[in-house]
Each structure stands twice: as structure tokens, then as C-alpha cells.
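> Got a file for you: target-v2.txt, compact mmCIF, C-alpha atoms and all ligand atoms.
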# COMPACT_ATOMS: atom_id res chain seq x y z
CA HIS A 1 136.82 79.60 85.61
CA ALA A 2 139.46 80.41 88.14
CA ALA A 3 140.20 83.91 86.90
CA ASP A 4 136.53 84.85 87.26
CA ALA A 5 136.50 83.98 90.93
CA HIS A 6 138.63 87.03 91.68
CA ARG A 7 137.51 89.70 89.33
CA THR A 8 139.25 92.86 90.31
CA ASP A 9 137.83 95.32 87.80
CA LEU A 10 134.32 95.97 89.05
CA MET A 11 131.83 98.19 87.26
CA THR A 12 129.97 99.81 90.12
CA ILE A 13 126.71 101.63 89.43
CA THR A 14 128.42 104.94 90.28
CA ARG A 15 131.19 104.33 87.77
CA PHE A 16 128.63 103.20 85.20
CA VAL A 17 126.52 106.34 85.52
CA LEU A 18 129.59 108.61 85.50
CA ASN A 19 130.73 106.86 82.30
CA GLU A 20 127.33 107.44 80.69
CA GLN A 21 127.54 111.07 81.71
CA THR A 22 130.71 111.63 79.68
CA LYS A 23 128.49 111.06 76.63
CA HIS A 24 126.71 114.30 77.61
CA PRO A 25 129.48 116.91 77.94
CA GLU A 26 126.93 119.59 78.96
CA SER A 27 125.95 117.55 82.02
CA ARG A 28 127.05 118.93 85.36
CA GLY A 29 126.79 115.68 87.25
CA ASP A 30 123.40 116.45 88.78
CA PHE A 31 121.88 113.19 87.59
CA SER A 32 124.76 111.15 89.05
CA ILE A 33 124.27 112.88 92.38
CA LEU A 34 120.52 112.25 92.32
CA LEU A 35 121.08 108.61 91.46
CA SER A 36 123.60 108.11 94.25
CA HIS A 37 120.94 109.28 96.70
CA ILE A 38 118.40 106.82 95.24
CA VAL A 39 121.01 104.06 95.54
CA LEU A 40 121.59 104.97 99.17
CA GLY A 41 117.83 104.73 99.80
CA CYS A 42 117.78 101.26 98.19
CA LYS A 43 120.66 100.04 100.37
CA PHE A 44 118.97 101.37 103.50
CA VAL A 45 115.65 99.70 102.63
CA CYS A 46 117.43 96.48 101.65
CA SER A 47 119.06 96.33 105.04
CA ALA A 48 115.73 96.97 106.80
CA VAL A 49 113.92 94.37 104.64
CA ASN A 50 116.56 91.76 105.46
CA LYS A 51 115.81 92.24 109.14
CA ALA A 52 112.03 92.07 108.63
CA GLY A 53 111.88 88.49 109.92
CA LEU A 54 113.34 89.77 113.17
CA ALA A 55 110.63 92.42 113.38
CA LYS A 56 109.23 91.14 116.65
CA LEU A 57 112.67 91.31 118.22
CA LEU A 58 113.64 94.62 116.69
CA GLY A 59 110.18 96.16 116.70
CA LEU A 60 110.03 96.86 112.96
CA ALA A 61 106.47 95.66 112.45
CA GLY A 62 104.66 98.65 113.78
CA GLU A 63 104.52 97.09 117.22
CA THR A 64 105.78 98.62 120.37
CA ASN A 65 109.29 97.53 121.29
CA VAL A 66 110.68 96.82 124.73
CA GLN A 67 111.28 100.51 125.36
CA ALA A 68 107.58 101.05 124.55
CA LYS A 69 108.58 103.34 121.70
CA ASP A 70 106.40 103.18 118.62
CA GLN A 71 108.31 101.59 115.76
CA LYS A 72 107.61 102.29 112.14
CA LYS A 73 106.19 99.81 109.69
CA LEU A 74 108.59 98.92 106.88
CA ASP A 75 106.63 100.73 104.15
CA VAL A 76 106.38 103.90 106.22
CA LEU A 77 110.07 103.68 107.09
CA SER A 78 110.99 103.15 103.43
CA ASN A 79 108.99 106.20 102.41
CA GLU A 80 110.79 108.37 104.95
CA VAL A 81 114.14 107.04 103.84
CA PHE A 82 113.52 107.94 100.19
CA ILE A 83 111.92 111.34 100.87
CA LYS A 84 114.90 112.33 103.03
CA ALA A 85 117.49 110.95 100.62
CA LEU A 86 115.85 112.72 97.66
CA VAL A 87 115.38 116.08 99.38
CA SER A 88 118.92 116.08 100.75
CA SER A 89 120.34 115.39 97.27
CA GLY A 90 119.55 119.03 96.50
CA ARG A 91 118.59 117.91 92.97
CA THR A 92 114.82 117.44 93.26
CA CYS A 93 111.82 119.78 93.26
CA ILE A 94 108.72 117.54 93.27
CA LEU A 95 108.35 114.10 94.80
CA VAL A 96 105.35 111.84 94.32
CA SER A 97 105.22 108.77 96.55
CA GLU A 98 102.60 106.03 96.69
CA GLU A 99 102.62 106.51 100.47
CA ASP A 100 101.73 110.20 100.44
CA GLU A 101 98.39 111.53 99.29
CA GLU A 102 99.90 114.86 98.26
CA ALA A 103 103.04 115.55 96.25
CA THR A 104 106.00 116.96 98.18
CA PHE A 105 107.30 120.29 96.91
CA VAL A 106 110.92 120.70 97.95
CA GLU A 107 111.73 124.00 99.69
CA PRO A 108 113.53 126.50 97.41
CA ALA A 109 116.88 126.30 99.21
CA LYS A 110 117.14 122.57 98.47
CA ARG A 111 115.58 122.57 95.05
CA GLY A 112 116.95 121.03 91.86
CA LYS A 113 115.51 120.31 88.43
CA TYR A 114 114.41 116.68 88.82
CA CYS A 115 110.99 115.27 89.76
CA VAL A 116 110.96 111.77 91.21
CA VAL A 117 107.85 109.54 91.29
CA PHE A 118 108.22 106.36 93.34
CA ASP A 119 106.68 103.49 95.23
CA PRO A 120 109.07 103.11 98.17
CA LEU A 121 108.08 99.54 99.05
CA ASP A 122 105.81 97.77 96.61
CA GLY A 123 104.24 94.38 97.23
CA SER A 124 103.10 95.14 100.78
CA SER A 125 101.13 91.89 101.10
CA ASN A 126 104.42 89.99 100.74
CA ILE A 127 106.39 91.79 103.48
CA ASP A 128 105.43 89.62 106.44
CA CYS A 129 106.09 86.28 104.75
CA GLY A 130 109.54 87.09 103.38
CA VAL A 131 108.63 87.08 99.68
CA SER A 132 110.41 89.50 97.30
CA ILE A 133 109.32 93.12 97.37
CA GLY A 134 110.79 96.20 95.74
CA THR A 135 111.10 99.93 95.15
CA ILE A 136 110.01 101.44 91.82
CA PHE A 137 111.01 104.91 90.57
CA GLY A 138 110.77 107.23 87.59
CA ILE A 139 112.53 110.54 86.96
CA TYR A 140 111.31 113.61 85.06
CA MET A 141 113.00 116.97 84.59
CA ILE A 142 111.12 120.27 84.95
CA LYS A 143 111.16 122.76 82.14
CA GLU A 144 113.36 125.66 83.06
CA GLY A 145 112.20 129.07 84.14
CA HIS A 146 109.00 128.39 86.03
CA GLU A 147 107.86 127.49 89.53
CA PRO A 148 107.48 123.71 89.91
CA ASN A 149 103.83 122.60 89.75
CA LEU A 150 101.92 119.33 89.39
CA GLU A 151 101.88 119.67 85.59
CA ASP A 152 105.58 118.83 85.71
CA VAL A 153 104.80 115.29 86.87
CA LEU A 154 101.48 114.80 85.05
CA GLN A 155 103.50 113.94 81.96
CA PRO A 156 103.34 110.89 79.70
CA GLY A 157 105.79 108.17 80.62
CA MET A 158 107.79 108.65 77.44
CA ASN A 159 108.95 112.00 78.88
CA MET A 160 110.76 110.22 81.70
CA LEU A 161 114.53 110.60 81.64
CA ALA A 162 115.13 107.45 83.59
CA ALA A 163 113.30 104.68 85.39
CA GLY A 164 114.19 101.69 87.48
CA TYR A 165 113.44 99.38 90.34
CA CYS A 166 115.28 97.68 93.14
CA MET A 167 114.19 94.17 94.08
CA TYR A 168 114.75 92.94 97.62
CA GLY A 169 114.84 89.24 96.84
CA SER A 170 117.27 86.36 97.17
CA SER A 171 119.74 89.09 96.27
CA CYS A 172 119.27 92.82 96.02
CA THR A 173 119.06 93.82 92.36
CA LEU A 174 118.77 97.30 90.88
CA VAL A 175 117.59 97.57 87.28
CA LEU A 176 118.00 100.94 85.59
CA SER A 177 117.43 102.63 82.27
CA THR A 178 118.48 106.16 81.43
CA GLY A 179 116.95 105.86 77.97
CA SER A 180 119.67 103.86 76.25
CA GLY A 181 119.04 100.25 77.15
CA VAL A 182 118.52 98.49 80.46
CA ASN A 183 121.23 97.41 82.87
CA GLY A 184 121.06 95.34 86.06
CA PHE A 185 123.27 95.68 89.13
CA THR A 186 123.51 93.36 92.11
CA LEU A 187 124.40 94.55 95.59
CA ASP A 188 127.59 92.95 96.88
CA PRO A 189 126.86 93.07 100.60
CA SER A 190 130.53 92.78 101.54
CA LEU A 191 131.41 95.83 99.45
CA GLY A 192 128.15 97.70 99.94
CA GLU A 193 128.23 98.44 96.20
CA PHE A 194 125.92 97.65 93.31
CA ILE A 195 127.98 95.85 90.65
CA LEU A 196 126.99 95.55 86.98
CA THR A 197 125.91 91.92 86.65
CA HIS A 198 123.28 92.11 83.88
CA PRO A 199 124.61 94.40 81.15
CA TYR A 200 122.28 95.44 78.34
CA ILE A 201 119.22 93.36 79.24
CA LYS A 202 117.06 92.35 76.26
CA ILE A 203 113.73 90.62 76.85
CA PRO A 204 113.18 87.46 74.75
CA LYS A 205 110.97 88.26 71.74
CA LYS A 206 108.44 85.66 72.86
CA GLY A 207 108.05 83.96 76.23
CA LYS A 208 106.65 80.81 77.79
CA ILE A 209 105.19 82.35 80.94
CA TYR A 210 102.07 84.42 81.70
CA SER A 211 101.61 86.23 85.00
CA VAL A 212 98.23 87.43 86.27
CA ASN A 213 95.96 87.24 89.31
CA GLU A 214 93.51 84.67 87.95
CA GLY A 215 91.33 85.00 91.02
CA ASN A 216 89.84 88.03 89.26
CA ALA A 217 88.87 86.04 86.13
CA LYS A 218 85.14 86.19 86.92
CA ASN A 219 85.16 89.95 86.25
CA TRP A 220 87.54 90.13 83.27
CA ASP A 221 86.58 91.60 79.91
CA GLY A 222 86.48 89.62 76.63
CA PRO A 223 90.04 90.21 75.33
CA THR A 224 91.75 89.38 78.66
CA THR A 225 89.60 86.24 79.05
CA LYS A 226 90.39 85.13 75.48
CA TYR A 227 94.08 85.83 75.91
CA VAL A 228 94.47 83.81 79.10
CA GLN A 229 92.44 80.99 77.56
CA SER A 230 94.86 80.96 74.62
CA CYS A 231 97.83 80.74 77.05
CA LYS A 232 96.34 77.51 78.45
CA TYR A 233 94.79 76.08 75.30
CA PRO A 234 96.83 77.41 72.38
CA THR A 235 95.20 76.83 69.00
CA ASP A 236 98.31 77.46 66.89
CA GLY A 237 100.03 74.19 67.77
CA SER A 238 102.37 75.78 70.34
CA SER A 239 102.75 74.47 73.91
CA PRO A 240 100.68 75.99 76.71
CA LYS A 241 102.42 78.71 78.74
CA SER A 242 103.38 78.28 82.40
CA LEU A 243 101.73 80.46 85.02
CA ARG A 244 103.88 82.35 87.55
CA TYR A 245 102.42 84.99 89.85
CA ILE A 246 104.17 86.33 92.91
CA GLY A 247 101.93 89.32 93.61
CA SER A 248 104.89 91.70 93.85
CA MET A 249 105.03 93.74 90.68
CA VAL A 250 108.80 94.17 90.91
CA ALA A 251 109.42 90.42 91.17
CA ASP A 252 106.88 89.52 88.49
CA VAL A 253 108.26 92.15 86.11
CA HIS A 254 111.88 91.22 86.85
CA ARG A 255 111.22 87.59 85.94
CA THR A 256 109.34 88.69 82.82
CA LEU A 257 112.28 90.89 81.78
CA LEU A 258 114.86 88.12 82.22
CA TYR A 259 112.90 85.04 81.07
CA GLY A 260 110.34 86.62 78.74
CA GLY A 261 106.58 86.28 78.76
CA ILE A 262 103.79 88.61 79.74
CA PHE A 263 102.60 90.31 82.92
CA LEU A 264 98.98 91.44 83.06
CA TYR A 265 97.05 93.56 85.50
CA PRO A 266 93.88 94.14 83.50
CA GLY A 267 90.90 96.27 84.32
CA ASP A 268 87.76 94.35 85.24
CA LYS A 269 84.09 94.92 86.01
CA LYS A 270 84.85 95.82 89.61
CA SER A 271 87.96 97.94 88.91
CA PRO A 272 87.80 99.24 85.34
CA ASN A 273 91.26 100.81 85.70
CA GLY A 274 92.86 97.79 87.30
CA LYS A 275 94.98 98.27 90.40
CA LEU A 276 98.39 99.52 89.42
CA ARG A 277 99.31 103.20 89.55
CA VAL A 278 100.27 105.01 86.39
CA LEU A 279 103.04 107.30 87.61
CA TYR A 280 105.18 105.08 89.80
CA GLU A 281 104.23 101.52 88.75
CA VAL A 282 102.96 101.41 85.17
CA PHE A 283 105.25 104.08 83.65
CA PRO A 284 108.64 103.01 85.07
CA MET A 285 108.00 99.33 84.24
CA SER A 286 106.72 100.22 80.74
CA PHE A 287 109.80 102.40 80.18
CA LEU A 288 112.09 99.50 81.12
CA MET A 289 110.15 97.02 78.96
CA GLU A 290 110.39 99.20 75.87
CA GLN A 291 114.06 99.88 76.52
CA ALA A 292 114.62 96.12 76.73
CA GLY A 293 112.84 95.53 73.40
CA GLY A 294 109.43 94.57 74.78
CA GLN A 295 106.10 96.39 74.76
CA ALA A 296 103.64 97.86 77.25
CA PHE A 297 99.96 98.35 76.42
CA THR A 298 97.00 99.62 78.46
CA GLY A 299 94.25 97.88 76.53
CA LYS A 300 93.72 101.12 74.60
CA GLN A 301 97.12 102.56 73.78
CA ARG A 302 100.89 102.37 74.20
CA ALA A 303 101.27 102.77 77.97
CA LEU A 304 104.00 105.43 77.75
CA GLU A 305 101.70 107.71 75.74
CA LEU A 306 99.07 107.90 78.45
CA VAL A 307 98.69 111.41 79.92
CA PRO A 308 97.85 111.13 83.63
CA GLU A 309 95.38 113.59 85.12
CA LYS A 310 95.94 112.73 88.76
CA ILE A 311 99.10 111.70 90.56
CA HIS A 312 97.65 108.47 91.96
CA GLU A 313 95.74 107.47 88.84
CA ARG A 314 95.49 103.76 87.91
CA SER A 315 95.57 101.98 84.58
CA PRO A 316 95.24 98.45 83.25
CA ILE A 317 98.61 97.17 82.00
CA PHE A 318 99.87 94.37 79.77
CA LEU A 319 103.63 94.26 79.42
CA GLY A 320 106.42 91.94 78.41
CA SER A 321 107.82 90.17 75.35
CA TYR A 322 107.15 91.93 72.05
CA ASP A 323 105.23 89.06 70.41
CA ASP A 324 103.17 88.20 73.48
CA VAL A 325 101.96 91.80 73.93
CA GLU A 326 101.25 91.91 70.20
CA GLU A 327 98.72 89.08 70.74
CA ILE A 328 96.76 90.95 73.38
CA LYS A 329 96.84 94.12 71.26
CA LYS A 330 95.21 92.19 68.41
CA LEU A 331 92.45 90.92 70.70
CA TYR A 332 91.65 94.44 71.92
CA ALA A 333 91.73 95.78 68.35
CA ALA A 334 89.29 93.06 67.25
CA GLU A 335 86.92 94.14 70.03
CA GLU A 336 86.47 97.68 68.65
P1 LIG B 401 100.65 97.51 96.92
O1 LIG B 401 101.10 98.86 96.42
O2 LIG B 401 99.54 97.57 97.94
O3 LIG B 401 101.82 96.69 97.37
O4 LIG B 401 99.96 96.79 95.67
C1 LIG B 401 100.67 96.65 94.49
C2 LIG B 401 100.91 95.19 94.22
C3 LIG B 401 101.81 94.93 93.07
O5 LIG B 401 103.13 94.77 93.51
C4 LIG B 401 101.28 93.65 92.49
O6 LIG B 401 101.55 93.54 91.11
C5 LIG B 401 99.82 93.76 92.76
O7 LIG B 401 99.68 94.63 93.87
C6 LIG B 401 99.18 92.46 93.10
O8 LIG B 401 97.82 92.67 93.31
P2 LIG B 401 96.80 91.48 93.60
O9 LIG B 401 97.05 91.06 94.99
O10 LIG B 401 95.47 92.10 93.38
O11 LIG B 401 97.08 90.40 92.60
MG MG B 402 102.51 99.70 95.10
Show me the file's structure as C-alpha cells.

Amino acid sequence: HAADAHRTDLMTITRFVLNEQTKHPESRGDFSILLSHIVLGCKFVCSAVNKAGLAKLLGLAGETNVQAKDQKKLDVLSNEVFIKALVSSGRTCILVSEEDEEATFVEPAKRGKYCVVFDPLDGSSNIDCGVSIGTIFGIYMIKEGHEPNLEDVLQPGMNMLAAGYCMYGSSCTLVLSTGSGVNGFTLDPSLGEFILTHPYIKIPKKGKIYSVNEGNAKNWDGPTTKYVQSCKYPTDGSSPKSLRYIGSMVADVHRTLLYGGIFLYPGDKKSPNGKLRVLYEVFPMSFLMEQAGGQAFTGKQRALELVPEKIHERSPIFLGSYDDVEEIKKLYAAEE
């Protein structure tokens, strides 16, 4: 309706987070500052991703440009953007990025109490063909009174304070949870601001879509095989599920969150721990799913209870609508 065409009272992500902060009178605004730096990183990467098709002209694809200067690949560029934004926030002490083998320990002068684990640009195989890709992040806080060490990030996902992702798709969407529900914001390019467009996201209790790389079916275990079979040939009288698989975790999880259904990256005979990384892929997405009323399961346990031993550890993951994940849990329980 006409009035909606000119909404003048916009809930920006900054205003939203500042509002949430008033619920915690002891807070000194550190989290809002950290988040504004993450948001800046997302805008920067969004702008670079939108120019990716012009890579040959602009030299973004790791080729040499006209001036014969080496240009950075998008994933390397994105990593640098986030590392710099996070360090300069003055609110972080340990950073774990998918792109860096070792964790980054922030120098004492710039240190704060937050640890950020992130995948700066996930879905690398989709970059060059213009399919949606994204950034995934999770935030922990160190316990006070000790030097930061790796133990501070080798924590179960349920200890995260916040988690989110930004999807660089047909629009740029940031989905965030600070532990009280899930909210989605869309970048208004003309304002350069993320505006609350998807308040209080709840995943449908049961979905009609399953999402998995079926090319790996040959090596799947019994429960995964049975589950996918039941999606195609249900025996309870329900209709078969549709298959959707983009191959970008952010896009596949975003659709699952909004439309319902299940996303699977199981372990298999070749890769018993699957492909996805615990700290900056499995945990943040599991955190969001639970906050939206869904579930996340590793094949053995609730995903958020897993205690990682290494920063780049992998785990199988099944996440999505409550009832759909319940099905796969039953199949794994029956196996034991
Ligand atoms: P990447 O970190 O190399 O981009 O790999 C992670 C991506 C996820 O976004 C996606 O869910 C998965 O790999 C797809 O893997 P596959 O191609 O094996 O189906
Ligand atoms: Mg990744």
C-alpha cells in the first residue's frame, strides 16, 4: 500500500543492536562497536563481490591488471578486509579465519574481550559464475583475567554470544542472532545501511525441501542413505520432498531458514567428518537454527555441544526444521 512505499522510520542494524544493548545496562557498548566493524566488512565484501563479473577489467580475479600489479583474489581480499576491520575495532583478541592456518592473536594495545571465528567468503566454487556466496561468523568472549589462548575459541558452540552470516545474493542480506531470536537485515544500497526486513525469523516446523550433495551418495552411511531415500519415496503417505542444492552453505542455509526443510553435509566413507568446519561453519549455522526454532545434529550429538579440539576441525552436520532433523536423529539412534 501507498504508505509503505515511503517508510520513513527505518530500523537499521545499528539502531537494532543499540536497542538490544539497553536490555543489558552493564554493557559498555563494546559489542555494538564490534558489530559495526563486522557490518563494515560485509559492505566492503558485498561491493567487491558485485564487481566480480568485471574481474577481468578490474583485475580482481588474481590476474595481473594493466599496470602489471598483482591483484588479489576475492577470498583473499575478503579475509584481509575482515582481519583489518576486526583488529581495528579494538574489541577483539583472537581471530580464527578459514583462510589462515593459524589463529591471529591481536597485539595487546588493540586488544578487547571478544574472539571472532569466521569464513570471510564461503562458497568459493560459486564465485566465478555469479552464484550466491557469503560470510559466516561466530563470536565468543574470553574469560577475564588471563592471557588469550586457543582454549578461548576451542569452546562448544553453545558458548557463542552471537552468530550470523551475510549472503551476497540477489540482495545483500545479514542474518544475526545475539542469543534471543534471529533477525534478518537487507542492505539498502542507496542508503548504505542494513535495514531490518525479516524480524524474528522462525523456521517452519517441517519443510518440503532437502538439500545435499547427492553426488556423494555412493559413500554415504546407512542412516543418511535411508533418510534421503525417504525424502524421495516417503512411506508415511506424505508427498516427496523437493531437492535444492546450491553448493554455497550460506545460500542453502538461508533458504532452509526461510522456507523450512533440511540441509545435510554428512560424513561418508571417504571423509568421515564431512567437509564443513566446526568453528566457523557448523557452529554459527547451528546457533541460528536453534535460535529460529530448528535443530542441528552431527549424527552423534547436538551440534552446539561438540567440543572442538582443533580450530579447523570438521564435522558432519544435519540442520533445519525441527521435525525433519528429528527424523534423521531417529535413524542414527536406531543404528546404535
Ligand atoms: P569452501 O569453504 O571451499 O567454499 O567450501 C565450503 C562449501 C560450502 O559453502 C558448501 O556447503 C559446501 O562447500 C559444498 O560442498 P560440495 O561442493 O562438496 O557439495
Ligand atoms: Mg568455507
> Throw together the list of residues within 9 Å of ligand LIG 401 (chain B), counting only C-alpha atoms and all ligand atoms, and drop it here as number ranges by chain.
A: 98-99, 119, 121-126, 133-134, 212-216, 245-253, 263-265, 274-277, 281
> For each of A:Leu243, A:Met158, A:Leu174, A:Val117, take the minimum atom-to-atom distance to ligand MG 402 (chain B), counting all atoms listed in the file, then give the residue where this is smallest.
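Nearest to ligand MG 402 (chain B): A:Val117.
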> So that I can see what lies close to A:Pro156, please list as number ranges by chain the residues with an atom at most 8 Å from it, counting all atoms listed in the file and leaving out residues fewer than 6 positions away in the same chain.
A: 304-308
> Taking 2 positions as the minimum chain separation for residues in the same chain, which residues sit within 12 Å of A:Ser315 when counting all atoms listed in the file? Answer as a PDB file with C-alpha atoms, keeping the file's coordinate frame.

ATOM      1  CA  LEU A 264      98.980  91.440  83.060  1.00  0.00           C
ATOM      2  CA  TYR A 265      97.050  93.560  85.500  1.00  0.00           C
ATOM      3  CA  PRO A 266      93.880  94.140  83.500  1.00  0.00           C
ATOM      4  CA  GLY A 267      90.900  96.270  84.320  1.00  0.00           C
ATOM      5  CA  ASP A 268      87.760  94.350  85.240  1.00  0.00           C
ATOM      6  CA  SER A 271      87.960  97.940  88.910  1.00  0.00           C
ATOM      7  CA  PRO A 272      87.800  99.240  85.340  1.00  0.00           C
ATOM      8  CA  ASN A 273      91.260 100.810  85.700  1.00  0.00           C
ATOM      9  CA  GLY A 274      92.860  97.790  87.300  1.00  0.00           C
ATOM     10  CA  LYS A 275      94.980  98.270  90.400  1.00  0.00           C
ATOM     11  CA  LEU A 276      98.390  99.520  89.420  1.00  0.00           C
ATOM     12  CA  ARG A 277      99.310 103.200  89.550  1.00  0.00           C
ATOM     13  CA  VAL A 278     100.270 105.010  86.390  1.00  0.00           C
ATOM     14  CA  LEU A 279     103.040 107.300  87.610  1.00  0.00           C
ATOM     15  CA  TYR A 280     105.180 105.080  89.800  1.00  0.00           C
ATOM     16  CA  GLU A 281     104.230 101.520  88.750  1.00  0.00           C
ATOM     17  CA  VAL A 282     102.960 101.410  85.170  1.00  0.00           C
ATOM     18  CA  PHE A 283     105.250 104.080  83.650  1.00  0.00           C
ATOM     19  CA  SER A 286     106.720 100.220  80.740  1.00  0.00           C
ATOM     20  CA  ALA A 296     103.640  97.860  77.250  1.00  0.00           C
ATOM     21  CA  PHE A 297      99.960  98.350  76.420  1.00  0.00           C
ATOM     22  CA  THR A 298      97.000  99.620  78.460  1.00  0.00           C
ATOM     23  CA  GLY A 299      94.250  97.880  76.530  1.00  0.00           C
ATOM     24  CA  LYS A 300      93.720 101.120  74.600  1.00  0.00           C
ATOM     25  CA  GLN A 301      97.120 102.560  73.780  1.00  0.00           C
ATOM     26  CA  ARG A 302     100.890 102.370  74.200  1.00  0.00           C
ATOM     27  CA  ALA A 303     101.270 102.770  77.970  1.00  0.00           C
ATOM     28  CA  LEU A 304     104.000 105.430  77.750  1.00  0.00           C
ATOM     29  CA  LEU A 306      99.070 107.900  78.450  1.00  0.00           C
ATOM     30  CA  VAL A 307      98.690 111.410  79.920  1.00  0.00           C
ATOM     31  CA  PRO A 308      97.850 111.130  83.630  1.00  0.00           C
ATOM     32  CA  GLU A 309      95.380 113.590  85.120  1.00  0.00           C
ATOM     33  CA  LYS A 310      95.940 112.730  88.760  1.00  0.00           C
ATOM     34  CA  ILE A 311      99.100 111.700  90.560  1.00  0.00           C
ATOM     35  CA  HIS A 312      97.650 108.470  91.960  1.00  0.00           C
ATOM     36  CA  GLU A 313      95.740 107.470  88.840  1.00  0.00           C
ATOM     37  CA  ILE A 317      98.610  97.170  82.000  1.00  0.00           C
ATOM     38  CA  PHE A 318      99.870  94.370  79.770  1.00  0.00           C
TER      39      PHE A 318
END
> Can you list, as a list in words, every protein, DNA or RNA residue that comes within 8 Å of A:Ser78 when you count only C-alpha atoms, leaving out same-chain residues fewer than 3 positions away?
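Close residues of A:Ser78: Gly41, Val45, Leu74, Asp75, Val81, Phe82, Pro120 and Leu121 of chain A.
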> Quick one, how far is atom CA of A:Ala162 from atom CA of A:Gly138?
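Interatomic distance here is 5.9 Å.
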> Need the shell around A:Ala334: protein/DNA/RNA residues with any atom at most 12 Å away, counting all atoms listed in the file. Skip same-chain ones fewer than 6 positions apart. Format as a list in words?
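These residues fall inside the cut-off: Gly222, Pro223, Lys226, Gly299, Lys300, Glu327 and Ile328 of chain A.
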> Ranking A:Ala85, A:Leu18, A:Ala333, A:Val39 by minimum distance to A:Phe185 and counting all atoms listed in the file, which one comes first?
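Using all atoms listed in the file, A:Phe185 sits closest to A:Val39.
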> Can you work out which one of A:Leu34, A:Ile136, A:Met285, A:Leu176 has the shortest atom-to-atom distance to ligand MG 402 (chain B), counting only C-alpha atoms and all ligand atoms?
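The answer is A:Ile136, which sits nearest to ligand MG 402 (chain B).
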> Using all atoms listed in the file, which residues sit within 12 Å of A:Pro108 once same-chain residues fewer than 5 positions away are excluded, as a PyMOL selection string?
chain A and resi 87+90-94+113+147-148
> From the list A:Gly53, A:Ile139, A:Lys208, A:Asp100, which residue is nearest ligand MG 402 (chain B) when using all atoms listed in the file?
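Distance minimum relative to ligand MG 402 (chain B) lands on A:Asp100.
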